[in-house]
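The data block below is model_19.tsv; it holds TSV, C-alpha atoms and all ligand atoms.
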chain	number	residue	atom	x	y	z
X	1	MET	CA	112.03	102.84	112.97
X	2	ALA	CA	113.54	100.74	115.81
X	3	ASN	CA	111.67	97.50	115.21
X	4	GLU	CA	111.14	97.73	111.46
X	5	GLY	CA	110.91	94.30	109.87
X	6	LYS	CA	110.18	92.53	113.17
X	7	CYS	CA	106.98	90.56	113.25
X	8	ALA	CA	104.77	89.81	116.25
X	9	VAL	CA	101.74	87.52	116.34
X	10	VAL	CA	99.14	88.38	118.98
X	11	THR	CA	96.46	85.78	119.69
X	12	GLY	CA	93.43	87.37	121.30
X	13	GLY	CA	94.46	90.67	119.73
X	14	ALA	CA	90.85	91.82	119.37
X	15	GLY	CA	90.28	91.52	123.11
X	16	PHE	CA	90.75	93.91	125.98
X	17	ILE	CA	94.46	93.45	126.78
X	18	GLY	CA	95.43	92.11	123.35
X	19	SER	CA	94.13	95.15	121.47
X	20	HIS	CA	96.19	97.48	123.69
X	21	LEU	CA	99.26	95.31	123.12
X	22	VAL	CA	98.71	95.42	119.35
X	23	ASP	CA	98.49	99.24	119.44
X	24	GLU	CA	101.74	99.51	121.37
X	25	LEU	CA	103.60	97.04	119.13
X	26	ILE	CA	102.51	98.97	116.05
X	27	GLN	CA	103.53	102.21	117.72
X	28	ARG	CA	106.97	100.66	118.23
X	29	GLY	CA	107.30	99.72	114.57
X	30	TYR	CA	106.45	96.01	114.60
X	31	ASP	CA	104.51	94.24	111.86
X	32	VAL	CA	101.61	92.71	113.77
X	33	ARG	CA	99.38	89.77	112.92
X	34	VAL	CA	96.28	89.21	115.03
X	35	ILE	CA	94.59	85.85	115.55
X	36	ASP	CA	91.15	86.07	117.13
X	37	ASN	CA	87.85	84.29	116.55
X	38	LEU	CA	85.91	87.27	117.96
X	39	ALA	CA	84.29	85.12	120.67
X	40	ALA	CA	84.65	88.13	122.97
X	41	GLY	CA	86.93	90.45	121.04
X	42	LYS	CA	85.76	93.18	118.69
X	43	LYS	CA	87.04	93.70	115.17
X	44	GLU	CA	86.75	97.48	115.55
X	45	GLN	CA	89.23	97.32	118.45
X	46	VAL	CA	91.91	95.87	116.18
X	47	ASN	CA	94.37	98.47	114.98
X	48	PRO	CA	93.82	98.84	111.21
X	49	LYS	CA	97.58	98.61	110.67
X	50	ALA	CA	97.55	95.02	111.97
X	51	GLU	CA	96.89	92.03	109.72
X	52	PHE	CA	93.73	90.42	111.09
X	53	HIS	CA	93.00	86.68	110.91
X	54	GLN	CA	89.61	85.55	112.16
X	55	VAL	CA	90.77	82.12	113.26
X	56	ASP	CA	89.93	79.85	116.18
X	57	ILE	CA	92.98	78.59	118.10
X	58	ARG	CA	91.30	75.18	118.27
X	59	ASP	CA	91.88	75.00	114.50
X	60	LYS	CA	95.50	73.81	114.52
X	61	GLU	CA	96.00	73.73	110.75
X	62	ALA	CA	95.00	77.37	110.37
X	63	LEU	CA	97.66	78.62	112.79
X	64	SER	CA	100.91	77.55	111.11
X	65	PRO	CA	100.77	79.78	108.00
X	66	ILE	CA	100.09	82.82	110.20
X	67	MET	CA	103.11	82.12	112.42
X	68	LYS	CA	105.53	81.73	109.53
X	69	GLY	CA	108.37	84.27	109.77
X	70	ALA	CA	107.19	85.66	113.11
X	71	ASP	CA	109.76	86.75	115.69
X	72	TYR	CA	107.48	86.84	118.72
X	73	VAL	CA	104.20	85.23	119.70
X	74	PHE	CA	102.09	86.78	122.44
X	75	HIS	CA	99.44	84.26	123.40
X	76	LEU	CA	96.42	85.95	124.96
X	77	ALA	CA	93.48	84.18	123.30
X	78	ALA	CA	91.42	82.44	125.96
X	79	LEU	CA	88.00	82.14	127.53
X	80	PRO	CA	89.18	84.05	130.54
X	81	ARG	CA	86.33	84.23	133.03
X	82	VAL	CA	86.22	82.19	136.23
X	83	GLN	CA	82.44	81.82	136.31
X	84	PHE	CA	82.30	80.91	132.61
X	85	SER	CA	84.80	78.10	133.23
X	86	ILE	CA	82.67	76.82	136.12
X	87	ASP	CA	79.56	76.89	133.93
X	88	ASN	CA	81.31	75.51	130.80
X	89	PRO	CA	84.35	73.51	131.94
X	90	GLU	CA	84.77	71.49	128.74
X	91	GLU	CA	84.59	74.38	126.30
X	92	ALA	CA	86.90	76.46	128.47
X	93	ASP	CA	89.37	73.58	128.68
X	94	ALA	CA	89.37	73.04	124.89
X	95	VAL	CA	90.24	76.69	124.27
X	96	ASN	CA	92.45	77.46	127.26
X	97	ILE	CA	94.49	74.26	127.27
X	98	GLY	CA	93.90	72.61	123.87
X	99	GLY	CA	94.14	75.96	122.06
X	100	THR	CA	97.31	76.87	123.96
X	101	LEU	CA	98.92	73.58	122.90
X	102	ASN	CA	98.05	74.36	119.27
X	103	VAL	CA	99.56	77.85	119.50
X	104	LEU	CA	102.72	76.44	121.13
X	105	LEU	CA	103.08	73.83	118.38
X	106	ALA	CA	102.70	76.41	115.64
X	107	ALA	CA	105.17	78.77	117.37
X	108	LYS	CA	107.70	75.95	117.75
X	109	ASP	CA	107.35	74.90	114.11
X	110	ALA	CA	107.82	78.51	113.00
X	111	GLY	CA	110.99	78.76	115.15
X	112	VAL	CA	109.91	81.97	116.86
X	113	LYS	CA	112.39	83.75	119.11
X	114	ARG	CA	110.05	84.20	122.08
X	115	PHE	CA	106.67	82.88	123.22
X	116	VAL	CA	105.05	85.15	125.81
X	117	TYR	CA	102.16	83.48	127.60
X	118	SER	CA	99.40	85.38	129.36
X	119	ALA	CA	99.13	83.44	132.60
X	120	SER	CA	97.01	84.43	135.57
X	121	GLY	CA	97.25	85.19	139.27
X	122	SER	CA	94.21	82.93	139.61
X	123	ALA	CA	96.67	80.00	139.55
X	124	TYR	CA	97.45	80.86	143.20
X	125	GLY	CA	93.86	80.31	144.34
X	126	GLU	CA	93.52	80.55	148.11
X	127	GLN	CA	96.86	81.03	149.91
X	128	GLN	CA	97.69	81.40	153.61
X	129	GLU	CA	99.48	84.69	153.08
X	130	VAL	CA	99.98	87.62	150.77
X	131	PRO	CA	101.88	88.73	148.77
X	132	PHE	CA	101.83	85.83	146.34
X	133	ARG	CA	105.32	84.72	145.40
X	134	GLU	CA	105.91	82.67	142.27
X	135	GLU	CA	107.51	79.82	144.21
X	136	MET	CA	104.35	79.28	146.29
X	137	HIS	CA	102.45	76.09	145.68
X	138	ALA	CA	99.68	76.89	143.16
X	139	ARG	CA	96.19	75.93	144.36
X	140	PRO	CA	93.70	77.08	141.72
X	141	ILE	CA	90.09	76.99	142.87
X	142	SER	CA	88.41	77.23	139.47
X	143	PRO	CA	88.74	75.40	136.16
X	144	TYR	CA	89.98	78.68	134.66
X	145	GLY	CA	92.77	79.05	137.25
X	146	LEU	CA	93.81	75.47	136.56
X	147	HIS	CA	93.80	76.00	132.79
X	148	LYS	CA	96.07	79.01	133.06
X	149	TYR	CA	98.40	77.10	135.37
X	150	VAL	CA	98.60	74.18	132.93
X	151	GLY	CA	99.36	76.66	130.13
X	152	GLU	CA	102.42	77.91	132.04
X	153	HIS	CA	103.70	74.40	132.45
X	154	TYR	CA	103.11	73.69	128.79
X	155	ALA	CA	105.14	76.78	127.89
X	156	ARG	CA	107.97	75.70	130.21
X	157	VAL	CA	107.95	72.14	128.85
X	158	PHE	CA	108.11	73.46	125.28
X	159	SER	CA	111.13	75.51	126.29
X	160	VAL	CA	112.86	72.50	127.90
X	161	VAL	CA	111.90	69.81	125.38
X	162	TYR	CA	111.77	71.71	122.08
X	163	GLY	CA	113.95	74.72	122.82
X	164	LEU	CA	111.11	77.21	122.30
X	165	PRO	CA	112.12	80.32	124.29
X	166	ALA	CA	109.08	80.91	126.50
X	167	VAL	CA	108.03	83.01	129.45
X	168	SER	CA	104.75	83.26	131.39
X	169	LEU	CA	103.34	86.42	132.92
X	170	ARG	CA	100.80	85.99	135.72
X	171	TYR	CA	98.56	89.04	135.51
X	172	PHE	CA	96.50	90.27	138.43
X	173	ASN	CA	93.07	91.92	137.83
X	174	VAL	CA	93.81	93.99	134.78
X	175	TYR	CA	91.73	97.12	134.20
X	176	GLY	CA	91.70	100.11	131.85
X	177	SER	CA	89.81	101.37	128.83
X	178	ARG	CA	88.00	98.85	126.57
X	179	LEU	CA	87.19	96.64	129.58
X	180	ASP	CA	83.90	94.98	128.66
X	181	PRO	CA	81.16	96.04	131.11
X	182	THR	CA	78.47	93.77	129.67
X	183	GLY	CA	77.37	90.24	130.39
X	184	PRO	CA	77.35	88.04	133.45
X	185	TYR	CA	81.13	87.72	133.53
X	186	ALA	CA	82.02	91.42	133.53
X	187	LEU	CA	84.91	92.39	135.78
X	188	VAL	CA	84.21	94.45	138.86
X	189	ILE	CA	85.49	97.91	137.82
X	190	ALA	CA	83.70	97.77	134.47
X	191	LYS	CA	80.53	96.52	136.13
X	192	PHE	CA	80.60	99.40	138.64
X	193	LEU	CA	81.15	101.97	135.88
X	194	GLN	CA	78.22	100.60	133.89
X	195	GLN	CA	75.98	100.53	136.97
X	196	ARG	CA	76.83	104.10	137.85
X	197	LYS	CA	76.31	105.23	134.27
X	198	ASP	CA	72.88	103.52	134.27
X	199	GLY	CA	71.96	105.20	137.58
X	200	GLN	CA	71.86	101.86	139.40
X	201	VAL	CA	73.35	100.87	142.75
X	202	LEU	CA	76.77	99.21	142.66
X	203	THR	CA	76.42	95.53	143.49
X	204	VAL	CA	79.24	94.29	145.71
X	205	THR	CA	79.62	90.55	146.28
X	206	GLY	CA	79.98	89.29	149.86
X	207	ASP	CA	81.04	91.90	152.40
X	208	GLY	CA	83.23	93.73	149.87
X	209	GLU	CA	86.28	93.35	152.12
X	210	GLN	CA	87.93	90.88	149.73
X	211	THR	CA	90.99	92.45	148.16
X	212	ARG	CA	92.41	92.41	144.66
X	213	ASP	CA	95.62	93.70	143.12
X	214	PHE	CA	94.28	95.90	140.31
X	215	THR	CA	96.85	96.37	137.55
X	216	HIS	CA	96.56	98.85	134.72
X	217	VAL	CA	96.52	97.52	131.17
X	218	ARG	CA	99.34	99.88	130.07
X	219	ASP	CA	101.59	98.33	132.71
X	220	VAL	CA	100.64	94.84	131.52
X	221	VAL	CA	101.43	95.76	127.90
X	222	ARG	CA	104.84	97.10	128.93
X	223	ALA	CA	105.59	93.86	130.81
X	224	ASN	CA	104.76	91.84	127.68
X	225	ILE	CA	107.13	93.80	125.49
X	226	LEU	CA	109.92	93.63	128.07
X	227	ALA	CA	109.35	89.86	128.35
X	228	ALA	CA	109.68	89.48	124.58
X	229	GLU	CA	112.79	91.60	124.26
X	230	SER	CA	114.65	90.70	127.48
X	231	GLY	CA	117.74	88.51	127.32
X	232	ASN	CA	117.13	87.38	130.93
X	233	VAL	CA	114.15	85.13	130.25
X	234	GLY	CA	113.08	82.41	127.83
X	235	ALA	CA	113.45	79.24	129.92
X	236	GLY	CA	109.77	79.07	130.86
X	237	GLU	CA	110.02	81.47	133.80
X	238	VAL	CA	106.82	82.42	135.61
X	239	ILE	CA	106.63	86.09	136.56
X	240	ASN	CA	103.95	87.99	138.48
X	241	VAL	CA	102.68	91.09	136.75
X	242	GLY	CA	100.67	92.83	139.44
X	243	ALA	CA	100.66	96.32	140.88
X	244	GLY	CA	101.75	94.88	144.22
X	245	ARG	CA	99.11	96.80	146.18
X	246	ASN	CA	95.78	95.27	147.06
X	247	MET	CA	92.56	97.11	147.59
X	248	THR	CA	89.13	96.09	148.86
X	249	VAL	CA	86.21	95.93	146.48
X	250	ASN	CA	84.45	98.38	148.84
X	251	ARG	CA	87.23	100.91	148.23
X	252	ILE	CA	86.91	100.45	144.47
X	253	ALA	CA	83.17	101.12	144.80
X	254	GLU	CA	84.01	104.28	146.74
X	255	LEU	CA	86.42	105.43	143.99
X	256	VAL	CA	83.79	104.83	141.31
X	257	GLY	CA	81.18	106.51	143.51
X	258	GLY	CA	77.52	105.83	144.18
X	259	GLU	CA	75.29	103.78	146.43
X	260	VAL	CA	76.23	100.18	147.17
X	261	GLU	CA	74.17	97.03	147.62
X	262	TYR	CA	75.60	93.74	148.90
X	263	VAL	CA	74.79	90.51	147.08
X	264	PRO	CA	75.73	86.90	147.97
X	265	ALA	CA	79.42	86.03	147.91
X	266	ARG	CA	80.96	83.88	145.16
X	267	LEU	CA	83.56	81.18	145.42
X	268	GLU	CA	86.68	83.31	145.13
X	269	PRO	CA	89.94	83.85	146.99
X	270	ARG	CA	89.70	86.30	149.90
X	271	HIS	CA	92.89	88.19	149.16
X	272	ALA	CA	95.26	88.58	146.23
X	273	ARG	CA	98.41	90.63	145.95
X	274	ALA	CA	101.47	90.08	143.80
X	275	ASP	CA	105.02	90.07	144.99
X	276	ARG	CA	106.69	91.87	142.13
X	277	SER	CA	110.38	91.37	142.96
X	278	ARG	CA	110.91	88.82	140.19
X	279	ALA	CA	109.42	91.11	137.55
X	280	LYS	CA	111.78	93.84	138.68
X	281	GLU	CA	114.80	91.57	138.81
X	282	LEU	CA	114.30	89.79	135.48
X	283	LEU	CA	112.48	92.39	133.39
X	284	GLY	CA	113.23	95.67	135.14
X	285	TRP	CA	109.43	96.05	135.29
X	286	GLU	CA	107.57	98.11	137.85
X	287	PRO	CA	104.01	99.39	137.64
X	288	GLU	CA	103.55	103.03	136.75
X	289	VAL	CA	99.79	103.61	137.01
X	290	LEU	CA	98.30	104.02	140.50
X	291	ILE	CA	94.78	102.64	140.84
X	292	GLU	CA	93.40	106.02	141.96
X	293	LYS	CA	94.71	107.60	138.76
X	294	GLY	CA	93.59	104.69	136.61
X	295	VAL	CA	90.03	104.82	137.94
X	296	LEU	CA	89.94	108.60	137.51
X	297	GLU	CA	90.96	108.18	133.88
X	298	LEU	CA	88.10	105.73	133.41
X	299	LEU	CA	85.60	108.02	135.14
X	300	ARG	CA	86.62	110.78	132.73
X	301	GLU	CA	86.38	108.47	129.76
X	302	TRP	CA	82.88	107.42	130.85
X	303	GLY	CA	81.86	111.05	131.54
X	304	LEU	CA	81.35	110.22	135.22
X	305	ASP	CA	83.92	112.43	136.94
X	306	CYS	CA	81.51	115.34	137.50
X	307	ILE	CA	78.11	115.64	139.18
X	308	CYS	CA	76.04	118.36	137.51
X	309	ASP	CA	72.74	120.11	138.10
X	310	ASP	CA	71.10	122.78	135.89
X	311	LYS	CA	73.54	125.48	136.99
X	312	LYS	CA	76.94	123.93	137.64
X	313	CYS	CA	79.07	120.85	137.70
X	314	VAL	CA	81.16	119.73	140.65
X	315	CYS	CA	84.04	117.60	139.52
X	316	ALA	CA	85.32	115.44	142.33
X	317	PHE	CA	88.87	115.41	141.05
X	318	ALA	CA	88.99	118.84	139.41
X	319	ASP	CA	92.37	119.71	140.93
X	320	ASP	CA	94.02	116.47	139.88
B	401	LIG	N1	91.86	90.67	132.33
B	401	LIG	C1	92.47	90.16	133.38
B	401	LIG	O1	92.32	90.65	134.51
B	401	LIG	C2	93.39	88.97	133.23
B	401	LIG	C3	94.04	88.47	134.38
B	401	LIG	C4	94.88	87.39	134.25
B	401	LIG	C5	95.12	86.82	133.02
B	401	LIG	N2	94.46	87.31	131.92
B	401	LIG	C6	94.70	86.66	130.62
B	401	LIG	O2	94.95	87.65	129.64
B	401	LIG	C7	94.47	87.22	128.39
B	401	LIG	C8	93.59	88.29	127.75
B	401	LIG	O3	92.49	88.54	128.60
B	401	LIG	P1	91.45	89.73	128.36
B	401	LIG	O4	91.07	90.24	129.69
B	401	LIG	O5	92.00	90.67	127.35
B	401	LIG	O6	90.20	88.93	127.79
B	401	LIG	P2	89.35	89.13	126.45
B	401	LIG	O7	88.21	88.17	126.55
B	401	LIG	O8	89.05	90.54	126.23
B	401	LIG	O9	90.38	88.64	125.33
B	401	LIG	C9	90.51	87.29	124.94
B	401	LIG	C10	90.44	87.25	123.43
B	401	LIG	O10	90.58	85.89	123.02
B	401	LIG	C11	89.67	85.67	121.95
B	401	LIG	N3	89.35	84.24	121.89
B	401	LIG	C12	88.58	83.52	122.76
B	401	LIG	N4	88.50	82.25	122.35
B	401	LIG	C13	89.22	82.16	121.21
B	401	LIG	C14	89.50	81.10	120.30
B	401	LIG	N5	89.01	79.87	120.51
B	401	LIG	N6	90.26	81.37	119.22
B	401	LIG	C15	90.75	82.61	118.98
B	401	LIG	N7	90.51	83.65	119.80
B	401	LIG	C16	89.76	83.43	120.91
B	401	LIG	C17	88.44	86.51	122.28
B	401	LIG	O11	87.64	86.79	121.16
B	401	LIG	C18	89.10	87.74	122.89
B	401	LIG	O12	89.33	88.72	121.91
B	401	LIG	C19	93.74	85.89	128.62
B	401	LIG	O13	94.62	84.84	128.29
B	401	LIG	C20	93.50	85.89	130.12
B	401	LIG	O14	93.45	84.58	130.64
B	401	LIG	C21	93.60	88.37	131.99
Full structure transcribed into structure tokens:
Amino acid sequence: MANEGKCAVVTGGAGFIGSHLVDELIQRGYDVRVIDNLAAGKKEQVNPKAEFHQVDIRDKEALSPIMKGADYVFHLAALPRVQFSIDNPEEADAVNIGGTLNVLLAAKDAGVKRFVYSASGSAYGEQQEVPFREEMHARPISPYGLHKYVGEHYARVFSVVYGLPAVSLRYFNVYGSRLDPTGPYALVIAKFLQQRKDGQVLTVTGDGEQTRDFTHVRDVVRANILAAESGNVGAGEVINVGAGRNMTVNRIAELVGGEVEYVPARLEPRHARADRSRAKELLGWEPEVLIEKGVLELLREWGLDCICDDKKCVCAFADD
């Protein structure tokens, strides 16, 4: 197999994006080691062919033996919710920044060939214009956005100072299967699916006209693997990984279907959309999954694509 003998470490590999990345790496023939403390991840989501280490990235000593002999490190472990970081700024900082430093140190000591950091579009915060270009001045408006921004700079500094080949990918609103619909920090698409499944109204924050650049998890996984294998990056570059098309939350509610109720707005940027020219230029990456198709897939997965009575079912997208 193409990548036989190559080893990848995935931190956060029991989580939403990480578990998809682990599956794809295994599919491509990599030996995969997962580091996750299961704070949010689920053991049953971890591909059984991966070697699983239930370790906290705040525990520096535990990381080094796991990194030994690894070719690539994909660093996804984080406490990745904006509201959580507002409610718990110290804990979020210790994991998102302190933990990232530990993972970088262990990757450097192991001499890995590439460190791929999961950064975030939340580093942009509120900007005067869209699309967001990487050279724009970052203005995070949450502790989480700041943590992810600091992580990028740490990765770049490790590349410059210690010669660790690093690259940061700024994801924009990732969605797809395994998105966690539970808890106060659930992301909007998962929350809508759960509400519809439970026969509740969909709760939209503010006027619902805020826009987001929803990006499918398969596209994000592909960007990670390109970033690890590409000869064009490794000097701490920052690259947007976003679909490049923004959509209102109202439109997402329409795609999921069902009645809507408006609830008070949160502190969040009004608009977000990625400029994806750099991803194309450096990685040859372009998104492949349209949001309409991605949401349809989820509706099917959740058994919500048809409305049935006693006699028949009408499937909204039957001819798709
Ligand atoms: N989902 C998105 O829309 C999005 C957008 C931008 C960036 N990101 C970044 O992508 C990465 C993955 O996000 P996700 O959406 O899959 O979230 P997730 O919560 O599903 O995954 C994060 C994983 O990290 C693990 N983790 C948390 N604290 C840990 C610790 N101290 N030690 C070890 N493991 C720990 C969790 O158990 C979880 O499995 C994060 O770094 C996040 O900041 C996600």
Given a cut-off of 8 Å, what residues near ligand LIG 401 (chain B) show up using all atoms listed in the file, put as a PyMOL selection string?
chain X and resi 11-19+35-42+54-58+75-81+95-96+99+117-122+144+148+170-175+179-180+187+215
Next, the residues of the selection above should be written as a short mmCIF file (atom, residue, chain, number, x, y, z; two decimals), keeping the file's coordinate frame with C-alpha atoms.
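Full text of selection-v5.cif as output:
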data_model
loop_
_atom_site.label_atom_id
_atom_site.label_comp_id
_atom_site.auth_asym_id
_atom_site.auth_seq_id
_atom_site.Cartn_x
_atom_site.Cartn_y
_atom_site.Cartn_z
CA THR X 11 96.46 85.78 119.69
CA GLY X 12 93.43 87.37 121.30
CA GLY X 13 94.46 90.67 119.73
CA ALA X 14 90.85 91.82 119.37
CA GLY X 15 90.28 91.52 123.11
CA PHE X 16 90.75 93.91 125.98
CA ILE X 17 94.46 93.45 126.78
CA GLY X 18 95.43 92.11 123.35
CA SER X 19 94.13 95.15 121.47
CA ILE X 35 94.59 85.85 115.55
CA ASP X 36 91.15 86.07 117.13
CA ASN X 37 87.85 84.29 116.55
CA LEU X 38 85.91 87.27 117.96
CA ALA X 39 84.29 85.12 120.67
CA ALA X 40 84.65 88.13 122.97
CA GLY X 41 86.93 90.45 121.04
CA LYS X 42 85.76 93.18 118.69
CA GLN X 54 89.61 85.55 112.16
CA VAL X 55 90.77 82.12 113.26
CA ASP X 56 89.93 79.85 116.18
CA ILE X 57 92.98 78.59 118.10
CA ARG X 58 91.30 75.18 118.27
CA HIS X 75 99.44 84.26 123.40
CA LEU X 76 96.42 85.95 124.96
CA ALA X 77 93.48 84.18 123.30
CA ALA X 78 91.42 82.44 125.96
CA LEU X 79 88.00 82.14 127.53
CA PRO X 80 89.18 84.05 130.54
CA ARG X 81 86.33 84.23 133.03
CA VAL X 95 90.24 76.69 124.27
CA ASN X 96 92.45 77.46 127.26
CA GLY X 99 94.14 75.96 122.06
CA TYR X 117 102.16 83.48 127.60
CA SER X 118 99.40 85.38 129.36
CA ALA X 119 99.13 83.44 132.60
CA SER X 120 97.01 84.43 135.57
CA GLY X 121 97.25 85.19 139.27
CA SER X 122 94.21 82.93 139.61
CA TYR X 144 89.98 78.68 134.66
CA LYS X 148 96.07 79.01 133.06
CA ARG X 170 100.80 85.99 135.72
CA TYR X 171 98.56 89.04 135.51
CA PHE X 172 96.50 90.27 138.43
CA ASN X 173 93.07 91.92 137.83
CA VAL X 174 93.81 93.99 134.78
CA TYR X 175 91.73 97.12 134.20
CA LEU X 179 87.19 96.64 129.58
CA ASP X 180 83.90 94.98 128.66
CA LEU X 187 84.91 92.39 135.78
CA THR X 215 96.85 96.37 137.55
#
With all atoms listed in the file as the counted atoms, please give the residues lying no more than 7 Å from Val201 of chain X, apart from itself and same-chain residues fewer than 6 positions off, as a VMD selection string.
chain X and resid 195 258 to 261
Here is a test: counting all atoms listed in the file, which residue of X:Tyr154, X:Trp285, X:Tyr124, X:Phe132 is nearest to Ser168 of chain X?
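Comparing X:Tyr154, X:Trp285, X:Tyr124, X:Phe132 against Ser168 of chain X, the winner is X:Tyr154.
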Padding 4 Å on every side, please: axis-aligned box over the listed atoms of segment 100-104 of chain X, centre and edge lengths to one decimal in Å, as lines of an AutoDock Vina configuration file.
center_x = 100.0
center_y = 75.7
center_z = 121.6
size_x = 13.4
size_y = 12.3
size_z = 12.7
Val233 of chain X environment, 8 Å, all atoms listed in the file, sequence neighbours closer than 6 positions dropped, as a ChimeraX atom specification
/X:165-167,227,282
Selection from above, C-alpha atoms, as a PDB file, keeping the file's coordinate frame, can you write it?
ATOM      1  CA  PRO X 165     112.120  80.320 124.290  1.00  0.00           C
ATOM      2  CA  ALA X 166     109.080  80.910 126.500  1.00  0.00           C
ATOM      3  CA  VAL X 167     108.030  83.010 129.450  1.00  0.00           C
ATOM      4  CA  ALA X 227     109.350  89.860 128.350  1.00  0.00           C
ATOM      5  CA  LEU X 282     114.300  89.790 135.480  1.00  0.00           C
TER       6      LEU X 282
END
Suppose you want the space between atom CA of Val204 of chain X and atom CA of Pro269 of chain X; what is it in Å?
15.0 Å
If I take atom CA of Asn240 of chain X and atom CA of Ala50 of chain X, how far is one from the other in Å, to one decimal?
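Atom CA of Asn240 of chain X sits 28.2 Å away from atom CA of Ala50 of chain X.
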Nearest to Leu290 of chain X among X:Asp213, X:Asp31, X:Glu229, X:Asp305, with distances taken over all atoms listed in the file: which residue is it?
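Closest residue, counting all atoms listed in the file: X:Asp213.
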From X:His153, X:Val22, X:Ile252, X:Cys308, residue lying nearest Thr203 of chain X [all atoms listed in the file]
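Closest to Thr203 of chain X, using all atoms listed in the file: X:Ile252.
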Using all atoms listed in the file, the shortest atom-to-atom distance to Ile291 of chain X among X:Gly176, X:Gly206, X:Gly69, X:Pro264 belongs to X:Gly176
Just give me the gap between atom CA of Val263 of chain X and atom CA of Asn246 of chain X in Å, one decimal is fine.
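So the two atoms, atom CA of Val263 of chain X and atom CA of Asn246 of chain X, lie 21.5 Å apart.
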Measuring between all atoms listed in the file, which one of X:Asp87, X:Glu24, X:Glu254, X:Glu288 shows the shortest distance to Gly242 of chain X?
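Among the listed residues, the smallest separation from Gly242 of chain X belongs to X:Glu288.
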Best match for closeness to Ala94 of chain X among X:Tyr262, X:Glu134, X:Asp59, X:Arg28, counting only C-alpha atoms
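Smallest distance to Ala94 of chain X is found for X:Asp59.
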Would you mind listing what lies within 6 Å of Pro140 of chain X as a PDB file with C-alpha atoms, in the frame of the given file, with all atoms listed in the file counted and same-chain residues fewer than 4 positions away left out?
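Okay, part-v7.pdb is ready:
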ATOM      1  CA  ALA X 123      96.670  80.000 139.550  1.00  0.00           C
ATOM      2  CA  TYR X 124      97.450  80.860 143.200  1.00  0.00           C
ATOM      3  CA  GLY X 125      93.860  80.310 144.340  1.00  0.00           C
ATOM      4  CA  GLY X 145      92.770  79.050 137.250  1.00  0.00           C
ATOM      5  CA  LEU X 146      93.810  75.470 136.560  1.00  0.00           C
TER       6      LEU X 146
END
Please provide the set of residues having any atom within 10 Å of segment 156-159 of chain X, restricted to all atoms listed in the file, with same-chain residues fewer than 5 positions apart removed, written as a list in words.
Leu101, Leu104, Leu105, Ala107, Lys108, Arg114, Phe115, Val150, Gly151, Leu164, Pro165, Ala166, Val167, Ser168, Gly234, Ala235, Gly236, Glu237 and Val238 of chain X
Rebuild segment 17-29 of chain X to N, CA and C atoms - output it as a PDB file, in the coordinates of the input, please.
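File rebuild-v6.pdb, as written:
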ATOM      1  N   ILE X  17      93.014  93.228 126.624  1.00  0.00           N
ATOM      2  CA  ILE X  17      94.460  93.450 126.780  1.00  0.00           C
ATOM      3  C   ILE X  17      95.161  93.358 125.426  1.00  0.00           C
ATOM      4  N   GLY X  18      94.769  92.348 124.633  1.00  0.00           N
ATOM      5  CA  GLY X  18      95.430  92.110 123.350  1.00  0.00           C
ATOM      6  C   GLY X  18      95.372  93.320 122.431  1.00  0.00           C
ATOM      7  N   SER X  19      94.248  94.008 122.391  1.00  0.00           N
ATOM      8  CA  SER X  19      94.130  95.150 121.470  1.00  0.00           C
ATOM      9  C   SER X  19      95.050  96.298 121.905  1.00  0.00           C
ATOM     10  N   HIS X  20      95.246  96.459 123.207  1.00  0.00           N
ATOM     11  CA  HIS X  20      96.190  97.480 123.690  1.00  0.00           C
ATOM     12  C   HIS X  20      97.626  97.083 123.334  1.00  0.00           C
ATOM     13  N   LEU X  21      97.910  95.792 123.458  1.00  0.00           N
ATOM     14  CA  LEU X  21      99.260  95.310 123.120  1.00  0.00           C
ATOM     15  C   LEU X  21      99.536  95.523 121.625  1.00  0.00           C
ATOM     16  N   VAL X  22      98.552  95.229 120.807  1.00  0.00           N
ATOM     17  CA  VAL X  22      98.710  95.420 119.350  1.00  0.00           C
ATOM     18  C   VAL X  22      99.005  96.893 119.058  1.00  0.00           C
ATOM     19  N   ASP X  23      98.258  97.791 119.658  1.00  0.00           N
ATOM     20  CA  ASP X  23      98.490  99.240 119.440  1.00  0.00           C
ATOM     21  C   ASP X  23      99.922  99.618 119.780  1.00  0.00           C
ATOM     22  N   GLU X  24     100.400  99.124 120.921  1.00  0.00           N
ATOM     23  CA  GLU X  24     101.740  99.510 121.370  1.00  0.00           C
ATOM     24  C   GLU X  24     102.820  98.910 120.462  1.00  0.00           C
ATOM     25  N   LEU X  25     102.617  97.668 120.022  1.00  0.00           N
ATOM     26  CA  LEU X  25     103.600  97.040 119.130  1.00  0.00           C
ATOM     27  C   LEU X  25     103.677  97.811 117.811  1.00  0.00           C
ATOM     28  N   ILE X  26     102.532  98.215 117.315  1.00  0.00           N
ATOM     29  CA  ILE X  26     102.510  98.970 116.050  1.00  0.00           C
ATOM     30  C   ILE X  26     103.188 100.324 116.245  1.00  0.00           C
ATOM     31  N   GLN X  27     102.883 100.938 117.359  1.00  0.00           N
ATOM     32  CA  GLN X  27     103.530 102.210 117.720  1.00  0.00           C
ATOM     33  C   GLN X  27     105.052 102.071 117.719  1.00  0.00           C
ATOM     34  N   ARG X  28     105.524 100.894 118.146  1.00  0.00           N
ATOM     35  CA  ARG X  28     106.970 100.660 118.230  1.00  0.00           C
ATOM     36  C   ARG X  28     107.566 100.130 116.933  1.00  0.00           C
ATOM     37  N   GLY X  29     106.767 100.049 115.882  1.00  0.00           N
ATOM     38  CA  GLY X  29     107.300  99.720 114.570  1.00  0.00           C
ATOM     39  C   GLY X  29     107.218  98.263 114.153  1.00  0.00           C
TER      40      GLY X  29
END
